[in-house]
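Asker: For reference, the file start34.txt (compact mmCIF, N, CA and C atoms) is included below:
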# COMPACT_ATOMS: atom_id res chain seq x y z
N GLN A 25 53.57 -91.89 -12.39
CA GLN A 25 52.61 -90.94 -12.93
C GLN A 25 51.43 -91.68 -13.54
N GLU A 26 50.23 -91.26 -13.17
CA GLU A 26 49.04 -91.94 -13.67
C GLU A 26 48.66 -91.38 -15.04
N GLN A 27 48.49 -92.28 -16.00
CA GLN A 27 48.09 -91.82 -17.32
C GLN A 27 47.38 -92.93 -18.08
N LEU A 28 46.59 -92.48 -19.07
CA LEU A 28 45.92 -93.37 -20.01
C LEU A 28 46.44 -93.07 -21.40
N VAL A 29 46.68 -94.12 -22.16
CA VAL A 29 47.19 -93.95 -23.52
C VAL A 29 46.33 -94.75 -24.48
N GLU A 30 45.71 -94.04 -25.45
CA GLU A 30 44.90 -94.72 -26.46
C GLU A 30 45.75 -95.05 -27.68
N SER A 31 45.36 -96.09 -28.38
CA SER A 31 46.00 -96.45 -29.65
C SER A 31 44.99 -97.21 -30.50
N GLY A 32 45.32 -97.37 -31.78
CA GLY A 32 44.49 -98.17 -32.66
C GLY A 32 43.64 -97.39 -33.64
N GLY A 33 43.66 -96.07 -33.54
CA GLY A 33 42.88 -95.28 -34.48
C GLY A 33 43.50 -95.31 -35.87
N GLY A 34 42.76 -94.76 -36.83
CA GLY A 34 43.26 -94.72 -38.19
C GLY A 34 42.17 -94.47 -39.19
N LEU A 35 42.49 -94.71 -40.44
CA LEU A 35 41.55 -94.54 -41.55
C LEU A 35 41.00 -95.90 -41.95
N VAL A 36 39.68 -95.99 -42.07
CA VAL A 36 39.05 -97.26 -42.44
C VAL A 36 37.88 -96.95 -43.37
N GLN A 37 37.57 -97.85 -44.26
CA GLN A 37 36.45 -97.68 -45.18
C GLN A 37 35.13 -97.98 -44.47
N PRO A 38 34.05 -97.39 -44.94
CA PRO A 38 32.74 -97.72 -44.37
C PRO A 38 32.49 -99.23 -44.40
N GLY A 39 31.95 -99.74 -43.29
CA GLY A 39 31.73 -101.18 -43.15
C GLY A 39 32.89 -101.91 -42.53
N GLY A 40 34.01 -101.24 -42.39
CA GLY A 40 35.20 -101.86 -41.82
C GLY A 40 35.20 -101.88 -40.31
N SER A 41 36.31 -102.36 -39.74
CA SER A 41 36.44 -102.52 -38.29
C SER A 41 37.75 -101.93 -37.80
N LEU A 42 37.74 -101.50 -36.56
CA LEU A 42 38.94 -101.06 -35.84
C LEU A 42 38.81 -101.50 -34.40
N ARG A 43 39.95 -101.71 -33.75
CA ARG A 43 39.94 -101.96 -32.32
C ARG A 43 40.83 -100.93 -31.65
N LEU A 44 40.22 -100.15 -30.78
CA LEU A 44 40.96 -99.17 -30.01
C LEU A 44 41.40 -99.78 -28.69
N SER A 45 42.58 -99.38 -28.25
CA SER A 45 43.11 -99.84 -26.97
C SER A 45 43.34 -98.65 -26.05
N CYS A 46 43.11 -98.89 -24.77
CA CYS A 46 43.36 -97.88 -23.74
C CYS A 46 44.19 -98.56 -22.67
N ALA A 47 45.45 -98.16 -22.56
CA ALA A 47 46.36 -98.75 -21.59
C ALA A 47 46.61 -97.77 -20.46
N ALA A 48 46.61 -98.30 -19.24
CA ALA A 48 46.84 -97.46 -18.07
C ALA A 48 48.25 -97.65 -17.52
N ALA A 49 48.81 -96.59 -17.00
CA ALA A 49 50.10 -96.64 -16.32
C ALA A 49 49.97 -95.90 -15.00
N GLY A 50 50.51 -96.50 -13.96
CA GLY A 50 50.52 -95.83 -12.66
C GLY A 50 49.33 -96.14 -11.78
N PHE A 51 48.34 -96.88 -12.29
CA PHE A 51 47.20 -97.29 -11.48
C PHE A 51 46.56 -98.52 -12.11
N ARG A 52 45.75 -99.22 -11.30
CA ARG A 52 45.15 -100.46 -11.76
C ARG A 52 43.79 -100.16 -12.39
N LEU A 53 43.74 -100.32 -13.70
CA LEU A 53 42.53 -99.95 -14.44
C LEU A 53 41.33 -100.81 -14.05
N GLY A 54 41.58 -102.02 -13.58
CA GLY A 54 40.49 -102.91 -13.21
C GLY A 54 39.67 -102.40 -12.04
N SER A 55 40.17 -101.45 -11.29
CA SER A 55 39.45 -100.89 -10.15
C SER A 55 38.53 -99.73 -10.54
N TYR A 56 38.52 -99.40 -11.82
CA TYR A 56 37.78 -98.24 -12.29
C TYR A 56 36.80 -98.61 -13.41
N SER A 57 35.73 -97.84 -13.49
CA SER A 57 34.92 -97.87 -14.71
C SER A 57 35.72 -97.16 -15.80
N VAL A 58 35.58 -97.66 -17.01
CA VAL A 58 36.29 -97.06 -18.14
C VAL A 58 35.29 -96.79 -19.25
N ALA A 59 35.34 -95.60 -19.77
CA ALA A 59 34.44 -95.20 -20.84
C ALA A 59 35.22 -94.73 -22.05
N TRP A 60 34.59 -94.88 -23.18
CA TRP A 60 35.08 -94.28 -24.42
C TRP A 60 34.13 -93.14 -24.79
N PHE A 61 34.70 -92.00 -25.05
CA PHE A 61 33.97 -90.84 -25.54
C PHE A 61 34.49 -90.50 -26.93
N ARG A 62 33.72 -89.73 -27.68
CA ARG A 62 34.22 -89.25 -28.96
C ARG A 62 33.78 -87.80 -29.17
N GLN A 63 34.55 -87.11 -29.98
CA GLN A 63 34.28 -85.69 -30.19
C GLN A 63 34.64 -85.30 -31.61
N VAL A 64 33.74 -84.52 -32.23
CA VAL A 64 34.02 -83.92 -33.52
C VAL A 64 34.07 -82.41 -33.33
N PRO A 65 34.76 -81.70 -34.20
CA PRO A 65 34.89 -80.24 -34.04
C PRO A 65 33.54 -79.56 -33.95
N GLY A 66 33.40 -78.68 -32.97
CA GLY A 66 32.18 -77.91 -32.81
C GLY A 66 31.09 -78.60 -32.03
N LYS A 67 31.34 -79.83 -31.58
CA LYS A 67 30.33 -80.56 -30.83
C LYS A 67 30.88 -80.99 -29.48
N GLU A 68 29.97 -81.26 -28.55
CA GLU A 68 30.39 -81.72 -27.24
C GLU A 68 30.88 -83.17 -27.31
N ARG A 69 31.73 -83.50 -26.36
CA ARG A 69 32.21 -84.87 -26.26
C ARG A 69 31.05 -85.75 -25.82
N GLU A 70 30.83 -86.86 -26.53
CA GLU A 70 29.71 -87.74 -26.21
C GLU A 70 30.20 -89.12 -25.80
N GLY A 71 29.45 -89.72 -24.86
CA GLY A 71 29.78 -91.06 -24.42
C GLY A 71 29.41 -92.09 -25.46
N VAL A 72 30.28 -93.03 -25.70
CA VAL A 72 30.06 -94.09 -26.68
C VAL A 72 29.77 -95.41 -25.99
N SER A 73 30.70 -95.83 -25.14
CA SER A 73 30.56 -97.10 -24.44
C SER A 73 31.26 -97.00 -23.10
N CYS A 74 30.79 -97.79 -22.14
CA CYS A 74 31.39 -97.78 -20.81
C CYS A 74 31.31 -99.17 -20.21
N ILE A 75 32.31 -99.52 -19.43
CA ILE A 75 32.30 -100.78 -18.70
C ILE A 75 32.46 -100.45 -17.23
N SER A 76 31.55 -100.97 -16.42
CA SER A 76 31.51 -100.65 -15.00
C SER A 76 32.55 -101.44 -14.22
N ASN A 77 33.10 -100.83 -13.17
CA ASN A 77 34.07 -101.54 -12.33
C ASN A 77 33.40 -102.43 -11.30
N TYR A 78 32.08 -102.34 -11.11
CA TYR A 78 31.39 -103.14 -10.10
C TYR A 78 31.10 -104.54 -10.59
N ASP A 79 30.58 -104.64 -11.81
CA ASP A 79 30.17 -105.96 -12.30
C ASP A 79 30.52 -106.16 -13.77
N ASP A 80 31.34 -105.26 -14.31
CA ASP A 80 31.71 -105.31 -15.73
C ASP A 80 30.51 -105.19 -16.65
N ARG A 81 29.41 -104.64 -16.14
CA ARG A 81 28.27 -104.39 -17.02
C ARG A 81 28.68 -103.32 -18.02
N THR A 82 28.18 -103.46 -19.23
CA THR A 82 28.55 -102.51 -20.29
C THR A 82 27.34 -101.68 -20.72
N TYR A 83 27.63 -100.48 -21.13
CA TYR A 83 26.60 -99.55 -21.57
C TYR A 83 27.04 -98.95 -22.90
N HIS A 84 26.11 -98.85 -23.84
CA HIS A 84 26.44 -98.34 -25.16
C HIS A 84 25.43 -97.28 -25.59
N ALA A 85 25.92 -96.28 -26.28
CA ALA A 85 25.01 -95.30 -26.88
C ALA A 85 24.16 -95.98 -27.95
N ASP A 86 22.95 -95.48 -28.14
CA ASP A 86 22.05 -96.08 -29.13
C ASP A 86 22.69 -96.11 -30.52
N SER A 87 23.49 -95.12 -30.81
CA SER A 87 24.08 -95.00 -32.15
C SER A 87 25.10 -96.09 -32.46
N VAL A 88 25.59 -96.79 -31.43
CA VAL A 88 26.63 -97.81 -31.66
C VAL A 88 26.20 -99.20 -31.19
N LYS A 89 25.01 -99.33 -30.63
CA LYS A 89 24.55 -100.63 -30.14
C LYS A 89 24.53 -101.64 -31.28
N GLY A 90 25.04 -102.83 -30.98
CA GLY A 90 25.10 -103.89 -31.98
C GLY A 90 26.31 -103.81 -32.89
N ARG A 91 27.06 -102.69 -32.82
CA ARG A 91 28.24 -102.53 -33.67
C ARG A 91 29.53 -102.44 -32.85
N PHE A 92 29.47 -101.83 -31.68
CA PHE A 92 30.65 -101.64 -30.83
C PHE A 92 30.57 -102.55 -29.61
N ALA A 93 31.73 -102.97 -29.14
CA ALA A 93 31.81 -103.76 -27.92
C ALA A 93 33.00 -103.28 -27.10
N ILE A 94 32.79 -103.18 -25.78
CA ILE A 94 33.86 -102.75 -24.89
C ILE A 94 34.22 -103.92 -23.98
N SER A 95 35.52 -104.09 -23.73
CA SER A 95 35.98 -105.19 -22.89
C SER A 95 37.24 -104.75 -22.16
N ARG A 96 37.61 -105.52 -21.12
CA ARG A 96 38.83 -105.20 -20.39
C ARG A 96 39.68 -106.43 -20.24
N ASP A 97 40.97 -106.23 -20.14
CA ASP A 97 41.94 -107.29 -19.85
C ASP A 97 42.77 -106.80 -18.68
N ASN A 98 42.42 -107.24 -17.50
CA ASN A 98 43.11 -106.75 -16.30
C ASN A 98 44.58 -107.15 -16.27
N ALA A 99 44.90 -108.29 -16.85
CA ALA A 99 46.30 -108.72 -16.88
C ALA A 99 47.16 -107.76 -17.68
N LYS A 100 46.55 -107.12 -18.69
CA LYS A 100 47.28 -106.15 -19.51
C LYS A 100 46.97 -104.72 -19.09
N ASN A 101 46.16 -104.58 -18.03
CA ASN A 101 45.82 -103.25 -17.54
C ASN A 101 45.26 -102.37 -18.66
N SER A 102 44.38 -102.96 -19.44
CA SER A 102 43.88 -102.29 -20.65
C SER A 102 42.39 -102.52 -20.84
N VAL A 103 41.78 -101.61 -21.59
CA VAL A 103 40.39 -101.71 -22.02
C VAL A 103 40.38 -101.51 -23.53
N TYR A 104 39.46 -102.20 -24.19
CA TYR A 104 39.40 -102.17 -25.64
C TYR A 104 38.01 -101.75 -26.12
N LEU A 105 37.98 -101.14 -27.29
CA LEU A 105 36.71 -100.83 -27.96
C LEU A 105 36.78 -101.44 -29.35
N GLN A 106 36.02 -102.51 -29.55
CA GLN A 106 35.93 -103.14 -30.86
C GLN A 106 34.82 -102.45 -31.63
N MET A 107 35.17 -101.89 -32.77
CA MET A 107 34.21 -101.14 -33.57
C MET A 107 34.02 -101.84 -34.91
N ASN A 108 32.82 -102.32 -35.16
CA ASN A 108 32.50 -103.01 -36.40
C ASN A 108 31.46 -102.22 -37.20
N SER A 109 31.32 -102.56 -38.46
CA SER A 109 30.34 -101.90 -39.34
C SER A 109 30.42 -100.39 -39.23
N LEU A 110 31.62 -99.89 -39.33
CA LEU A 110 31.84 -98.46 -39.13
C LEU A 110 31.17 -97.63 -40.21
N LYS A 111 30.70 -96.46 -39.79
CA LYS A 111 30.00 -95.53 -40.66
C LYS A 111 30.76 -94.20 -40.70
N PRO A 112 30.58 -93.42 -41.75
CA PRO A 112 31.25 -92.11 -41.79
C PRO A 112 30.93 -91.25 -40.57
N GLU A 113 29.73 -91.38 -40.02
CA GLU A 113 29.38 -90.58 -38.84
C GLU A 113 30.08 -91.03 -37.57
N ASP A 114 30.82 -92.13 -37.62
CA ASP A 114 31.64 -92.53 -36.49
C ASP A 114 32.99 -91.79 -36.46
N THR A 115 33.27 -91.03 -37.50
CA THR A 115 34.51 -90.27 -37.56
C THR A 115 34.58 -89.27 -36.42
N ALA A 116 35.66 -89.33 -35.65
CA ALA A 116 35.82 -88.47 -34.48
C ALA A 116 37.17 -88.76 -33.84
N VAL A 117 37.52 -87.94 -32.87
CA VAL A 117 38.63 -88.27 -31.96
C VAL A 117 38.01 -89.05 -30.80
N TYR A 118 38.58 -90.20 -30.53
CA TYR A 118 38.07 -91.08 -29.47
C TYR A 118 38.99 -90.98 -28.26
N TYR A 119 38.37 -90.80 -27.09
CA TYR A 119 39.10 -90.67 -25.84
C TYR A 119 38.66 -91.77 -24.88
N CYS A 120 39.60 -92.32 -24.13
CA CYS A 120 39.21 -93.19 -23.04
C CYS A 120 39.33 -92.41 -21.73
N ALA A 121 38.50 -92.79 -20.77
CA ALA A 121 38.45 -92.10 -19.50
C ALA A 121 38.16 -93.12 -18.40
N ALA A 122 38.67 -92.86 -17.21
CA ALA A 122 38.50 -93.80 -16.10
C ALA A 122 38.16 -93.06 -14.82
N ASP A 123 37.37 -93.69 -13.99
CA ASP A 123 37.07 -93.18 -12.65
C ASP A 123 36.18 -94.18 -11.94
N SER A 124 35.94 -93.93 -10.66
CA SER A 124 35.03 -94.76 -9.87
C SER A 124 34.10 -93.85 -9.10
N PRO A 125 32.76 -94.05 -9.17
CA PRO A 125 32.12 -95.18 -9.83
C PRO A 125 32.04 -95.09 -11.35
N GLY A 126 32.22 -93.88 -11.91
CA GLY A 126 32.20 -93.77 -13.36
C GLY A 126 30.82 -93.97 -13.93
N CYS A 127 30.59 -95.12 -14.54
CA CYS A 127 29.28 -95.38 -15.13
C CYS A 127 28.57 -96.47 -14.35
N MET A 128 27.31 -96.19 -13.99
CA MET A 128 26.46 -97.19 -13.37
C MET A 128 25.16 -97.35 -14.13
N SER A 129 25.06 -96.60 -15.24
CA SER A 129 23.92 -96.68 -16.14
C SER A 129 24.38 -96.03 -17.44
N THR A 130 23.43 -95.84 -18.35
CA THR A 130 23.77 -95.17 -19.61
C THR A 130 23.91 -93.66 -19.43
N HIS A 131 23.53 -93.16 -18.25
CA HIS A 131 23.51 -91.71 -18.03
C HIS A 131 24.81 -91.23 -17.39
N TYR A 132 25.93 -91.48 -18.04
CA TYR A 132 27.21 -90.97 -17.56
C TYR A 132 27.65 -89.82 -18.45
N THR A 133 28.47 -88.94 -17.89
CA THR A 133 28.94 -87.78 -18.65
C THR A 133 30.43 -87.60 -18.44
N THR A 134 31.01 -86.64 -19.10
CA THR A 134 32.44 -86.37 -18.95
C THR A 134 32.76 -85.98 -17.50
N ALA A 135 31.80 -85.39 -16.79
CA ALA A 135 32.04 -84.97 -15.40
C ALA A 135 32.22 -86.14 -14.45
N ASP A 136 31.85 -87.34 -14.88
CA ASP A 136 31.97 -88.53 -14.03
C ASP A 136 33.36 -89.15 -14.10
N PHE A 137 34.24 -88.58 -14.92
CA PHE A 137 35.55 -89.20 -15.15
C PHE A 137 36.67 -88.20 -14.94
N GLY A 138 37.69 -88.62 -14.17
CA GLY A 138 38.79 -87.73 -13.85
C GLY A 138 40.08 -88.03 -14.58
N TYR A 139 40.23 -89.26 -15.06
CA TYR A 139 41.43 -89.64 -15.80
C TYR A 139 41.08 -89.69 -17.29
N TRP A 140 41.91 -89.07 -18.09
CA TRP A 140 41.66 -88.99 -19.53
C TRP A 140 42.92 -89.27 -20.33
N GLY A 141 42.73 -89.93 -21.47
CA GLY A 141 43.82 -90.08 -22.42
C GLY A 141 43.89 -88.90 -23.35
N GLN A 142 44.84 -88.96 -24.28
CA GLN A 142 45.08 -87.83 -25.18
C GLN A 142 44.22 -87.89 -26.44
N GLY A 143 43.60 -89.02 -26.69
CA GLY A 143 42.72 -89.18 -27.84
C GLY A 143 43.42 -89.82 -29.03
N THR A 144 42.61 -90.51 -29.84
CA THR A 144 43.11 -91.12 -31.08
C THR A 144 42.07 -90.87 -32.19
N GLN A 145 42.55 -90.49 -33.36
CA GLN A 145 41.66 -90.13 -34.45
C GLN A 145 41.15 -91.38 -35.16
N VAL A 146 39.85 -91.43 -35.38
CA VAL A 146 39.23 -92.46 -36.20
C VAL A 146 38.54 -91.77 -37.37
N THR A 147 38.89 -92.16 -38.58
CA THR A 147 38.29 -91.59 -39.77
C THR A 147 37.71 -92.70 -40.62
N VAL A 148 36.40 -92.59 -40.89
CA VAL A 148 35.71 -93.59 -41.70
C VAL A 148 35.35 -92.92 -43.03
N SER A 149 36.02 -93.34 -44.09
CA SER A 149 35.84 -92.69 -45.38
C SER A 149 36.28 -93.62 -46.49
N SER A 150 35.60 -93.50 -47.62
CA SER A 150 36.01 -94.28 -48.80
C SER A 150 36.97 -93.46 -49.67
Rewrite the structure of this file - the entire thing - as structure tokens.

Answerer:
Amino acid sequence: QEQLVESGGGLVQPGGSLRLSCAAAGFRLGSYSVAWFRQVPGKEREGVSCISNYDDRTYHADSVKGRFAISRDNAKNSVYLQMNSLKPEDTAVYYCAADSPGCMSTHYTTADFGYWGQGTQVTVSS
């Protein structure tokens, strides 16, 4: 069965760091673009970061540039989102998603991805 499982969310103080993990089962994640999206109640799910399956080029939303980094480890069939200098406005449920071609620029949306994880809560608060 093909599935994505996120982990690593939690409560962190402003300025702190978290690393989210997205592990795949049933398919090879290295063959797909993988994106992280986030969603808060009452708002649409927004793209945060994406790594392309063609050349591992990465794309980041303006709101997280310089603070977040996305990477993959094909040996572990996983993708990671390193989040630094966290702000209260980063509080959301974070989802990983995979598909091909997925992201080829910063203009990717939820419609470009067919595989989704269940989400992990990130709360930034003092």

Asker: Find the residues with any atom within 10 Å of (24.7, -88.0, -26.3); use only C-alpha atoms and the coordinates as given in the file, and write the answer as a list in words.

Answerer: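 Residues lying no farther than 10 Å from the given point: Phe61, Arg62, Glu68, Arg69, Glu70, Gly71, Val72, Ala85, Asp86, Ser87, Thr130, His131, Tyr132 and Thr133 of chain A.
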
Asker: Given 3 Å of margin on each side, can you work out the centre and size in Å (one decimal) of an axis-aligned box holding every listed atom of segment 29-40 of chain A, as lines of an AutoDock Vina configuration file?

Answerer:
center_x = 39.5
center_y = -97.9
center_z = -33.7
size_x = 21.5
size_y = 14.0
size_z = 29.0

Asker: With all atoms listed in the file as the basis for distance, which of A:Val64, A:Leu53, A:Ala122, A:Ala116 is at the shortest distance from Thr147 of chain A?

Answerer: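 Under the stated criterion, the closest residue is A:Ala116.
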
Asker: Nearest residue to Ala59 of chain A out of A:Ala93, A:Ala121, A:Cys127, A:Val88, using all atoms listed in the file?

Answerer: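 Ranking A:Ala93, A:Ala121, A:Cys127, A:Val88 by distance to Ala59 of chain A, first place goes to A:Ala121.
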
Asker: With only N, CA and C atoms as the atoms that count, which of A:Leu42, A:Thr115, A:Gly141, A:Ser129 lies nearest to Pro65 of chain A?

Answerer: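 Among A:Leu42, A:Thr115, A:Gly141, A:Ser129, it is A:Thr115 that comes nearest to Pro65 of chain A.
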
Asker: With all atoms listed in the file as the basis for distance, which of A:Ser150, A:Val36, A:Asn77, A:Ser41 is at the shortest distance from Gly126 of chain A?

Answerer: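 Using all atoms listed in the file, the shortest distance to Gly126 of chain A belongs to A:Asn77.
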
Asker: Counting all atoms listed in the file, note down every residue that has an atom within 6 Å of the point (41.2, -94.6, -41.9) (file coordinates), as a VMD selection string.

Answerer: chain A and resid 34 to 37 146 to 149
